[in-house]
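K.L.:
Sharing input.txt below, compact mmCIF, C-alpha atoms and all ligand atoms:
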# COMPACT_ATOMS: atom_id res chain seq x y z
CA MET A 1 104.08 15.44 -40.90
CA ILE A 2 103.57 13.61 -44.19
CA LYS A 3 104.40 15.80 -47.17
CA SER A 4 105.42 15.01 -50.73
CA LYS A 5 106.54 16.83 -53.85
CA ILE A 6 102.97 16.98 -55.12
CA CYS A 7 102.08 19.29 -52.18
CA GLU A 8 104.55 21.85 -53.47
CA MET A 9 103.46 21.38 -57.09
CA LEU A 10 99.80 22.08 -56.25
CA GLY A 11 100.16 24.37 -53.22
CA ILE A 12 98.32 22.01 -50.84
CA LYS A 13 99.15 21.16 -47.21
CA TYR A 14 98.38 17.42 -47.25
CA PRO A 15 98.82 14.91 -50.13
CA VAL A 16 95.11 13.99 -50.07
CA PHE A 17 92.84 14.30 -53.13
CA GLN A 18 89.07 14.00 -52.84
CA GLY A 19 87.68 11.84 -55.66
CA GLY A 20 85.73 13.78 -58.29
CA MET A 21 82.59 11.73 -57.73
CA ALA A 22 79.93 12.19 -60.42
CA TRP A 23 76.86 14.19 -59.22
CA VAL A 24 78.34 14.21 -55.67
CA ALA A 25 81.52 16.29 -55.85
CA ASP A 26 80.21 19.87 -55.78
CA ALA A 27 81.51 23.20 -54.42
CA SER A 28 80.40 22.35 -50.87
CA LEU A 29 82.50 19.18 -50.62
CA ALA A 30 85.45 20.40 -52.71
CA ALA A 31 85.81 23.64 -50.72
CA ALA A 32 85.60 21.75 -47.42
CA VAL A 33 88.38 19.36 -48.46
CA SER A 34 90.54 22.20 -49.79
CA ASN A 35 89.98 24.25 -46.62
CA ALA A 36 91.10 21.17 -44.64
CA GLY A 37 94.42 21.17 -46.52
CA GLY A 38 93.66 18.52 -49.15
CA LEU A 39 92.74 18.94 -52.80
CA GLY A 40 89.00 19.29 -53.34
CA LEU A 41 87.66 18.37 -56.77
CA ILE A 42 84.41 19.34 -58.48
CA SER A 43 82.86 16.75 -60.81
CA SER A 44 82.02 17.70 -64.39
CA ILE A 45 79.00 15.38 -64.13
CA ASN A 46 76.22 17.68 -62.97
CA ALA A 47 73.15 19.25 -64.57
CA GLY A 48 75.12 20.46 -67.62
CA THR A 49 78.14 22.64 -68.36
CA GLU A 50 76.69 25.85 -66.87
CA ALA A 51 75.87 24.06 -63.60
CA VAL A 52 79.53 23.01 -63.35
CA ARG A 53 80.62 26.60 -64.11
CA ASN A 54 78.43 27.75 -61.20
CA GLU A 55 79.99 25.19 -58.86
CA ILE A 56 83.46 26.47 -59.81
CA ARG A 57 82.42 30.06 -59.07
CA LYS A 58 80.81 29.01 -55.76
CA CYS A 59 83.94 27.10 -54.76
CA LYS A 60 86.07 30.20 -55.33
CA GLU A 61 83.83 32.02 -52.83
CA LEU A 62 84.06 29.22 -50.27
CA THR A 63 87.84 28.75 -50.30
CA ASP A 64 91.00 30.63 -51.14
CA LYS A 65 92.89 27.31 -51.28
CA PRO A 66 93.68 25.38 -54.50
CA PHE A 67 90.94 23.11 -55.86
CA GLY A 68 90.39 21.31 -59.15
CA VAL A 69 87.82 19.90 -61.54
CA ASN A 70 87.45 16.27 -62.62
CA ILE A 71 86.36 15.81 -66.23
CA MET A 72 84.53 12.59 -67.09
CA LEU A 73 85.68 12.07 -70.67
CA GLN A 74 82.83 9.81 -71.79
CA ALA A 75 80.23 12.50 -71.10
CA PRO A 76 78.73 14.06 -74.25
CA ASN A 77 79.68 17.58 -73.04
CA ALA A 78 83.33 16.72 -72.22
CA GLY A 79 84.63 18.99 -75.02
CA GLU A 80 82.51 21.89 -73.79
CA ILE A 81 83.70 21.38 -70.21
CA ALA A 82 87.31 21.18 -71.43
CA GLN A 83 86.94 24.71 -72.84
CA MET A 84 84.85 26.10 -69.97
CA VAL A 85 87.49 25.23 -67.33
CA ILE A 86 90.02 27.34 -69.26
CA GLU A 87 87.56 30.27 -69.35
CA GLU A 88 87.01 29.96 -65.57
CA GLY A 89 90.73 29.96 -64.78
CA VAL A 90 90.72 26.47 -63.19
CA ARG A 91 94.32 25.65 -62.13
CA ILE A 92 94.12 21.87 -61.62
CA LEU A 93 92.33 19.17 -63.63
CA THR A 94 91.91 15.46 -63.24
CA THR A 95 90.23 13.36 -65.95
CA GLY A 96 88.55 9.95 -65.90
CA ALA A 97 87.16 7.13 -68.00
CA GLY A 98 89.30 7.73 -71.08
CA SER A 99 92.30 9.48 -72.60
CA PRO A 100 92.38 13.31 -72.47
CA ALA A 101 95.19 13.49 -75.10
CA GLN A 102 93.16 15.70 -77.49
CA TYR A 103 92.75 18.42 -74.81
CA MET A 104 96.23 18.32 -73.26
CA GLN A 105 97.88 21.02 -75.39
CA ALA A 106 95.14 23.59 -74.77
CA TRP A 107 95.23 22.90 -71.03
CA LYS A 108 99.02 23.08 -70.86
CA ASP A 109 98.99 26.35 -72.85
CA ALA A 110 96.58 27.73 -70.21
CA GLY A 111 99.09 26.77 -67.47
CA ILE A 112 96.76 24.14 -65.96
CA LYS A 113 98.21 21.26 -63.96
CA VAL A 114 96.78 18.13 -65.62
CA ILE A 115 96.48 14.88 -63.67
CA PRO A 116 94.70 12.12 -65.67
CA VAL A 117 93.21 9.14 -63.87
CA VAL A 118 94.67 5.96 -65.39
CA ALA A 119 94.08 2.27 -64.79
CA SER A 120 97.03 0.77 -66.71
CA VAL A 121 100.76 1.29 -67.27
CA ALA A 122 100.20 1.82 -71.02
CA LEU A 123 97.85 4.78 -70.55
CA ALA A 124 100.04 6.18 -67.75
CA LEU A 125 103.06 6.23 -70.10
CA LYS A 126 100.96 7.84 -72.84
CA MET A 127 99.82 10.56 -70.44
CA GLN A 128 103.37 11.24 -69.24
CA ALA A 129 104.50 11.60 -72.88
CA ALA A 130 101.58 13.96 -73.56
CA GLY A 131 102.75 16.29 -70.77
CA ALA A 132 100.72 15.20 -67.71
CA ASP A 133 102.05 16.70 -64.46
CA ALA A 134 101.13 13.59 -62.45
CA VAL A 135 98.67 10.68 -62.73
CA VAL A 136 96.06 9.22 -60.43
CA ALA A 137 96.44 5.43 -60.65
CA GLU A 138 93.04 4.01 -59.71
CA GLY A 139 92.58 0.38 -58.71
CA ALA A 140 89.35 -1.55 -59.25
CA GLU A 141 88.49 -1.42 -55.53
CA SER A 142 87.17 2.07 -56.21
CA GLY A 143 83.56 3.01 -56.73
CA GLY A 144 82.09 4.00 -60.08
CA HIS A 145 83.80 3.26 -63.38
CA VAL A 146 86.64 0.78 -62.80
CA GLY A 147 89.58 -0.65 -64.71
CA GLU A 148 90.88 -4.23 -64.46
CA LEU A 149 93.86 -4.07 -62.10
CA HIS A 150 93.64 -3.61 -58.35
CA THR A 151 95.53 -1.05 -56.30
CA MET A 152 98.23 -3.30 -54.79
CA PRO A 153 99.78 -4.40 -58.12
CA LEU A 154 98.76 -1.28 -60.09
CA ILE A 155 100.56 1.38 -58.01
CA PRO A 156 104.10 -0.08 -57.95
CA GLN A 157 103.97 -0.95 -61.65
CA ILE A 158 102.96 2.62 -62.55
CA VAL A 159 105.46 4.11 -60.08
CA ASP A 160 108.25 2.05 -61.70
CA ALA A 161 107.22 3.07 -65.23
CA LEU A 162 106.89 6.85 -64.69
CA ASP A 163 109.07 9.81 -63.71
CA ILE A 164 106.13 12.04 -62.67
CA PRO A 165 104.30 11.77 -59.31
CA VAL A 166 101.67 9.05 -58.85
CA VAL A 167 98.53 9.47 -56.75
CA ALA A 168 97.09 6.17 -55.50
CA ALA A 169 93.33 5.59 -55.57
CA GLY A 170 91.02 2.65 -54.99
CA GLY A 171 90.30 1.09 -51.60
CA ILE A 172 91.94 3.80 -49.47
CA CYS A 173 89.72 4.75 -46.56
CA ASP A 174 91.85 5.36 -43.45
CA GLY A 175 95.41 5.86 -42.23
CA ARG A 176 96.29 2.21 -42.80
CA GLY A 177 95.36 2.30 -46.49
CA ALA A 178 97.04 5.67 -46.89
CA ALA A 179 100.26 4.37 -45.31
CA ALA A 180 100.16 1.30 -47.57
CA ALA A 181 99.79 3.52 -50.64
CA PHE A 182 102.82 5.60 -49.61
CA MET A 183 104.79 2.36 -49.07
CA LEU A 184 103.91 1.32 -52.64
CA GLY A 185 105.58 4.51 -53.84
CA ALA A 186 102.62 6.84 -54.22
CA ASP A 187 103.16 10.59 -53.71
CA ALA A 188 99.56 11.20 -52.64
CA ILE A 189 96.27 9.41 -52.12
CA GLN A 190 92.83 9.97 -53.63
CA VAL A 191 89.81 9.05 -51.54
CA GLY A 192 86.21 8.95 -52.74
CA THR A 193 83.91 6.69 -50.74
CA ARG A 194 84.96 8.00 -47.30
CA PHE A 195 84.08 11.54 -48.37
CA LEU A 196 80.51 10.42 -49.15
CA SER A 197 80.09 10.51 -45.37
CA ALA A 198 81.45 14.05 -44.97
CA GLU A 199 79.09 16.52 -43.33
CA GLU A 200 79.69 18.87 -46.26
CA CYS A 201 78.80 16.16 -48.81
CA THR A 202 75.40 17.10 -50.25
CA ALA A 203 74.46 13.59 -51.45
CA HIS A 204 70.98 12.49 -50.32
CA GLU A 205 70.71 11.30 -46.69
CA GLU A 206 69.62 7.85 -47.96
CA TYR A 207 72.90 7.53 -49.91
CA LYS A 208 74.87 8.32 -46.74
CA GLN A 209 72.84 5.86 -44.67
CA LYS A 210 73.42 3.10 -47.23
CA ILE A 211 77.19 3.73 -47.03
CA LEU A 212 77.12 3.64 -43.21
CA LYS A 213 75.19 0.33 -43.27
CA ALA A 214 77.50 -1.30 -45.87
CA THR A 215 79.67 -4.30 -44.97
CA ASP A 216 82.79 -5.78 -46.58
CA ILE A 217 80.75 -7.61 -49.22
CA SER A 218 78.25 -4.87 -50.04
CA THR A 219 79.53 -3.87 -53.52
CA ILE A 220 79.15 -5.45 -56.95
CA VAL A 221 80.61 -4.69 -60.40
CA THR A 222 78.06 -4.50 -63.21
CA GLY A 223 78.29 -3.24 -66.79
CA LYS A 224 81.12 -5.48 -67.98
CA THR A 225 79.01 -6.68 -70.91
CA LEU A 226 78.54 -3.04 -71.95
CA GLY A 227 82.31 -2.40 -71.79
CA HIS A 228 81.74 0.02 -68.92
CA PRO A 229 82.21 -1.79 -65.59
CA VAL A 230 80.87 0.12 -62.60
CA ARG A 231 81.17 -0.70 -58.88
CA SER A 232 78.14 0.16 -56.77
CA LEU A 233 76.33 -1.00 -53.65
CA LYS A 234 74.31 -4.22 -53.97
CA THR A 235 70.70 -3.03 -54.16
CA PRO A 236 67.60 -4.40 -55.88
CA PHE A 237 68.57 -2.07 -58.78
CA SER A 238 72.16 -3.33 -59.22
CA LYS A 239 71.04 -6.95 -58.76
CA SER A 240 68.39 -6.50 -61.50
CA PHE A 241 71.05 -4.90 -63.69
CA ALA A 242 73.35 -7.92 -63.19
CA LYS A 243 70.47 -10.31 -63.94
CA MET A 244 69.66 -8.48 -67.18
CA GLU A 245 73.32 -8.75 -68.22
CA SER A 246 73.30 -12.53 -67.84
CA ASP A 247 69.97 -12.92 -69.68
CA PRO A 248 70.59 -13.64 -73.40
CA ASN A 249 67.09 -12.33 -74.22
CA VAL A 250 67.88 -8.82 -72.98
CA THR A 251 69.67 -6.53 -75.46
CA PRO A 252 72.54 -4.18 -74.50
CA GLU A 253 70.26 -1.25 -75.45
CA GLU A 254 67.63 -2.39 -72.95
CA ILE A 255 70.26 -2.70 -70.21
CA LEU A 256 71.67 0.71 -71.05
CA SER A 257 68.30 2.38 -70.91
CA PHE A 258 67.58 0.65 -67.56
CA GLY A 259 70.74 2.27 -66.13
CA THR A 260 70.38 5.73 -67.65
CA GLY A 261 70.07 8.46 -65.02
CA ALA A 262 70.35 5.97 -62.14
CA LEU A 263 73.32 7.64 -60.43
CA ARG A 264 71.61 11.06 -60.39
CA LYS A 265 68.47 9.45 -58.92
CA ALA A 266 70.51 7.95 -56.07
CA VAL A 267 72.56 11.07 -55.28
CA LYS A 268 69.80 13.65 -55.62
CA GLU A 269 66.66 11.73 -54.60
CA GLY A 270 67.82 8.71 -52.60
CA ASP A 271 65.64 6.74 -55.04
CA ARG A 272 65.44 2.98 -54.46
CA ASN A 273 65.90 2.50 -58.23
CA GLY A 274 69.10 4.53 -58.18
CA SER A 275 72.71 3.41 -58.64
CA TYR A 276 74.63 3.88 -55.37
CA MET A 277 78.22 3.91 -56.63
CA ALA A 278 80.71 3.13 -53.87
CA GLY A 279 84.10 1.49 -53.38
CA GLU A 280 84.93 -1.78 -51.62
CA CYS A 281 85.88 0.16 -48.48
CA ALA A 282 82.27 1.33 -47.92
CA GLY A 283 82.15 -1.23 -45.07
CA MET A 284 84.86 0.77 -43.26
CA VAL A 285 82.90 4.04 -43.23
CA LYS A 286 81.21 4.34 -39.84
CA ASN A 287 80.47 8.00 -39.10
CA ILE A 288 79.30 11.25 -40.61
CA GLU A 289 82.16 13.68 -39.94
CA PRO A 290 83.45 17.04 -41.14
CA ALA A 291 85.80 16.78 -44.14
CA GLN A 292 88.57 18.21 -41.96
CA VAL A 293 88.29 15.27 -39.53
CA ILE A 294 88.49 12.84 -42.47
CA VAL A 295 91.54 14.53 -44.05
CA GLU A 296 93.37 14.64 -40.71
CA ASP A 297 92.41 11.05 -39.84
CA LEU A 298 93.88 9.89 -43.18
CA ILE A 299 97.16 11.78 -42.76
CA LEU A 300 97.70 11.55 -38.99
CA GLY A 301 96.51 7.92 -39.14
CA ALA A 302 99.08 7.14 -41.83
CA GLU A 303 101.79 8.82 -39.80
CA LYS A 304 100.89 6.74 -36.73
CA VAL A 305 100.88 3.48 -38.71
CA ILE A 306 104.24 4.27 -40.29
CA ARG A 307 105.80 5.16 -36.92
CA GLU A 308 104.42 1.96 -35.33
CA ALA A 309 105.70 -0.15 -38.20
CA TYR A 310 109.11 1.49 -37.85
CA SER A 311 109.39 0.65 -34.17
CA ASN A 312 107.58 -2.71 -34.16
CA LEU A 313 108.56 -4.38 -37.41
CA LEU A 314 112.20 -3.36 -37.78
CA ALA A 315 114.61 -5.32 -35.63
O1 LIG B 1 85.96 7.88 -64.05
C1 LIG B 1 86.06 7.23 -63.04
N1 LIG B 1 84.98 6.83 -62.32
C2 LIG B 1 83.69 7.15 -62.59
S1 LIG B 1 83.14 8.10 -63.86
C3 LIG B 1 81.56 7.90 -63.37
S2 LIG B 1 80.25 8.64 -64.23
C4 LIG B 1 79.18 7.41 -64.64
N2 LIG B 1 77.92 7.75 -64.67
C5 LIG B 1 76.98 6.86 -64.99
C6 LIG B 1 77.32 5.57 -65.32
C7 LIG B 1 78.62 5.22 -65.30
C8 LIG B 1 79.59 6.14 -64.94
C9 LIG B 1 81.51 7.14 -62.26
N3 LIG B 1 82.70 6.74 -61.84
N4 LIG B 1 87.26 6.86 -62.56
C10 LIG B 1 88.46 7.15 -63.25
C11 LIG B 1 88.88 5.98 -64.03
N5 LIG B 1 89.28 6.06 -65.25
N6 LIG B 1 88.90 4.72 -63.61
C12 LIG B 1 89.35 3.97 -64.65
C13 LIG B 1 89.58 4.84 -65.69
C14 LIG B 1 90.04 4.55 -66.99
C15 LIG B 1 89.80 3.31 -67.58
C16 LIG B 1 90.23 3.07 -68.86
C17 LIG B 1 90.73 5.53 -67.70
C18 LIG B 1 91.14 5.28 -68.98
C19 LIG B 1 90.89 4.05 -69.55
O2 LIG B 1 91.32 3.75 -70.80
C20 LIG B 1 91.18 4.75 -71.76
C21 LIG B 1 91.90 4.46 -73.02
O3 LIG B 1 91.53 5.16 -73.96
O4 LIG B 1 92.79 3.63 -73.00
Take the structure in the file and give it back as structure tokens.
Ligand code: TUI

P.N.:
Amino acid sequence: MIKSKICEMLGIKYPVFQGGMAWVADASLAAAVSNAGGLGLISSINAGTEAVRNEIRKCKELTDKPFGVNIMLQAPNAGEIAQMVIEEGVRILTTGAGSPAQYMQAWKDAGIKVIPVVASVALALKMQAAGADAVVAEGAESGGHVGELHTMPLIPQIVDALDIPVVAAGGICDGRGAAAAFMLGADAIQVGTRFLSAEECTAHEEYKQKILKATDISTIVTGKTLGHPVRSLKTPFSKSFAKMESDPNVTPEEILSFGTGALRKAVKEGDRNGSYMAGECAGMVKNIEPAQVIVEDLILGAEKVIREAYSNLLA
């Protein structure tokens, strides 16, 4: 069985994190992934700080296994969430879309394991120096907010630079991707897009259907001109967004207001004017399945690929 030192650090069976997808990652999905032996994560992007507090309390009722919270640092209530997770006794945190340095001491004092998501060696080193227990290195194949580097070159460069465990994210969807990430030196994998198709994922049915219908070329990155690149499915909405960005007569404020609230509309309402964030591997997601089947497919699939490579590739 595949195990790594991060399993012991966090008390989980399998080195599989579920991405803390904004508006999507709630108690239902996080508890299902944790009950399957992975690490479920609740997103801090929900209908406000108290809604996230409720999800944490619900998750504690649904699982006795470890789970965590992902804090999106660019959200206006990030500071409030940073304090609330201490009050609620959360044991594991991941962070995204910025540097959590200002909160690190308070979290460490509370005994929380802190695992920032990073997209560059420089930020990874800064996080290690600030006391991070591990990092998630996320390549630009992922859905949602993306950095510049892709998974294949990002993971080994961060692994070489750090002494703490590295979790690979971005473009990992099945046992083959998981095995590749372990070969690059990762201690664990984080998977987002595939969990959109989990039975326990409460995203709108339309969101799930769009993921199932996606092909290899179904995603697009928009928002570069706003300094906030985001990968989502190609839809009339994301194509209009891209068009506005290349039109010199449209101001950044107009583009921003066009995009405001679009992710919530997609996740909660299946709205055609929503933003359907998804990674490049959306085209590989074919079925709605229980989270347990997904977690086991990732880990047992990786094991199979590694065994086959061992017997077929090595002379
Ligand atoms: O955070 C993510 N992905 C996200 S957050 C999100 S919420 C959203 N809602 C509406 C519109 C847009 C977004 C959707 N997806 N992933 C983690 C991640 N963090 N990926 C890349 C980074 C990152 C990038 C640059 C982290 C730090 C960084 O530099 C910070 C610095 O200060 O150097």

K.L.:
Which is closer to Lys60 of chain A than all the others in A:Gln102, A:Ser275, A:Gln292, A:Asn35, using only C-alpha atoms?

P.N.:
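The closest residue to Lys60 of chain A is A:Asn35.
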
K.L.:
Using 8 Å as the limit and counting only C-alpha atoms and all ligand atoms, can you tabulate each residue of chain A that touches ligand LIG 1 (chain B), with its shortest atom-to-atom distance in Å and the two atoms involved, as a Markdown table?

P.N.:
| residue | atom | partner | partner_atom | distance |
| --- | --- | --- | --- | --- |
| A:Met21 | CA | B:LIG1 | N3 | 6.5 |
| A:Ala22 | CA | B:LIG1 | S2 | 5.2 |
| A:Ile45 | CA | B:LIG1 | S2 | 6.9 |
| A:Met72 | CA | B:LIG1 | S1 | 5.7 |
| A:Leu73 | CA | B:LIG1 | O1 | 7.8 |
| A:Ala75 | CA | B:LIG1 | S2 | 7.9 |
| A:Thr95 | CA | B:LIG1 | C10 | 7.0 |
| A:Gly96 | CA | B:LIG1 | O1 | 3.8 |
| A:Ala97 | CA | B:LIG1 | N5 | 3.6 |
| A:Gly98 | CA | B:LIG1 | C20 | 3.6 |
| A:Ser99 | CA | B:LIG1 | O3 | 4.6 |
| A:Pro116 | CA | B:LIG1 | C17 | 8.0 |
| A:Val117 | CA | B:LIG1 | N5 | 5.2 |
| A:Val118 | CA | B:LIG1 | C17 | 4.6 |
| A:Ala119 | CA | B:LIG1 | C12 | 5.0 |
| A:Ser120 | CA | B:LIG1 | C16 | 7.5 |
| A:Ala122 | CA | B:LIG1 | O4 | 7.9 |
| A:Leu123 | CA | B:LIG1 | O4 | 5.7 |
| A:Glu138 | CA | B:LIG1 | N6 | 5.7 |
| A:Gly139 | CA | B:LIG1 | N6 | 7.5 |
| A:Ala140 | CA | B:LIG1 | N6 | 7.7 |
| A:Ser142 | CA | B:LIG1 | N4 | 8.0 |
| A:Gly143 | CA | B:LIG1 | N3 | 6.4 |
| A:Gly144 | CA | B:LIG1 | N3 | 3.3 |
| A:His145 | CA | B:LIG1 | N1 | 3.9 |
| A:Val146 | CA | B:LIG1 | C12 | 4.6 |
| A:Gly147 | CA | B:LIG1 | C12 | 4.6 |
| A:His228 | CA | B:LIG1 | C7 | 7.1 |
| A:Pro229 | CA | B:LIG1 | C7 | 7.9 |
| A:Val230 | CA | B:LIG1 | C7 | 6.2 |
| A:Gly259 | CA | B:LIG1 | C6 | 7.4 |
| A:Thr260 | CA | B:LIG1 | C5 | 7.2 |
| A:Gly261 | CA | B:LIG1 | C5 | 7.1 |
| A:Ala262 | CA | B:LIG1 | C5 | 7.3 |
| A:Leu263 | CA | B:LIG1 | C5 | 5.9 |
| A:Met277 | CA | B:LIG1 | C9 | 7.3 |

K.L.:
Using all atoms listed in the file, find all polymer residues with an atom at most 6 Å away from the point (81.5, 14.8, -45.0); report them as a compact mmCIF listing (two decimals) with C-alpha atoms, in the frame of the given file.

P.N.:
# COMPACT_ATOMS: atom_id res chain seq x y z
CA PHE A 195 84.08 11.54 -48.37
CA SER A 197 80.09 10.51 -45.37
CA ALA A 198 81.45 14.05 -44.97
CA GLU A 199 79.09 16.52 -43.33
CA GLU A 200 79.69 18.87 -46.26
CA CYS A 201 78.80 16.16 -48.81
CA GLU A 289 82.16 13.68 -39.94
CA PRO A 290 83.45 17.04 -41.14
CA ALA A 291 85.80 16.78 -44.14

K.L.:
Counting all atoms listed in the file, which residues come within 12 Å of (91.2, 10.6, -40.2), with the point read in the file's coordinates, and could you list them as a PyMOL selection string?

P.N.:
chain A and resi 16+36+172-178+191+194-195+198+285-304

K.L.:
Got a sec: who's within 12 Å of Lys243 of chain A, counting all atoms listed in the file, leaving out chain neighbours fewer than 6 positions off, as number ranges by chain?

P.N.:
A: 222-223, 225, 236-237, 249-250, 255, 258

K.L.:
When you draw a straight line from atom CA of Ser232 of chain A to atom CA of Met127 of chain A, how long is it in Å?

P.N.:
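These two atoms are separated by 27.7 Å.
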
K.L.:
Any idea what the distance is between atom CA of Met1 of chain A and atom CA of Ile189 of chain A?

P.N.:
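Result for atom CA of Met1 of chain A versus atom CA of Ile189 of chain A: 14.9 Å, one decimal.
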
K.L.:
Which value, in Å to one decimal, gives the distance between atom CA of Thr215 of chain A and atom CA of Leu196 of chain A?

P.N.:
15.3 Å

K.L.:
Leaving out segment 84-86 of chain A and any residue of its chain fewer than 5 positions from it, which residues lie within 12 Å of it when counting all atoms listed in the file, given as an MDAnalysis selection string?

P.N.:
chainID A and resid 42:44 48:57 68:71 77:79 91:94 103:114

K.L.:
Could you give me the centre and size, in Å to one decimal, of an axis-aligned box around all listed atoms of segment 165-174 of chain A with 3 Å added on every side, as JSON?

P.N.:
{"center_x": 97.0, "center_y": 6.4, "center_z": -51.4, "size_x": 20.6, "size_y": 16.7, "size_z": 21.9}

K.L.:
Of the candidates A:Gly40, A:Gly279, A:Pro156, A:Gly20, which shows the shortest atom-to-atom distance to Arg231 of chain A, using all atoms listed in the file?

P.N.:
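Comparing A:Gly40, A:Gly279, A:Pro156, A:Gly20 against Arg231 of chain A, the winner is A:Gly279.
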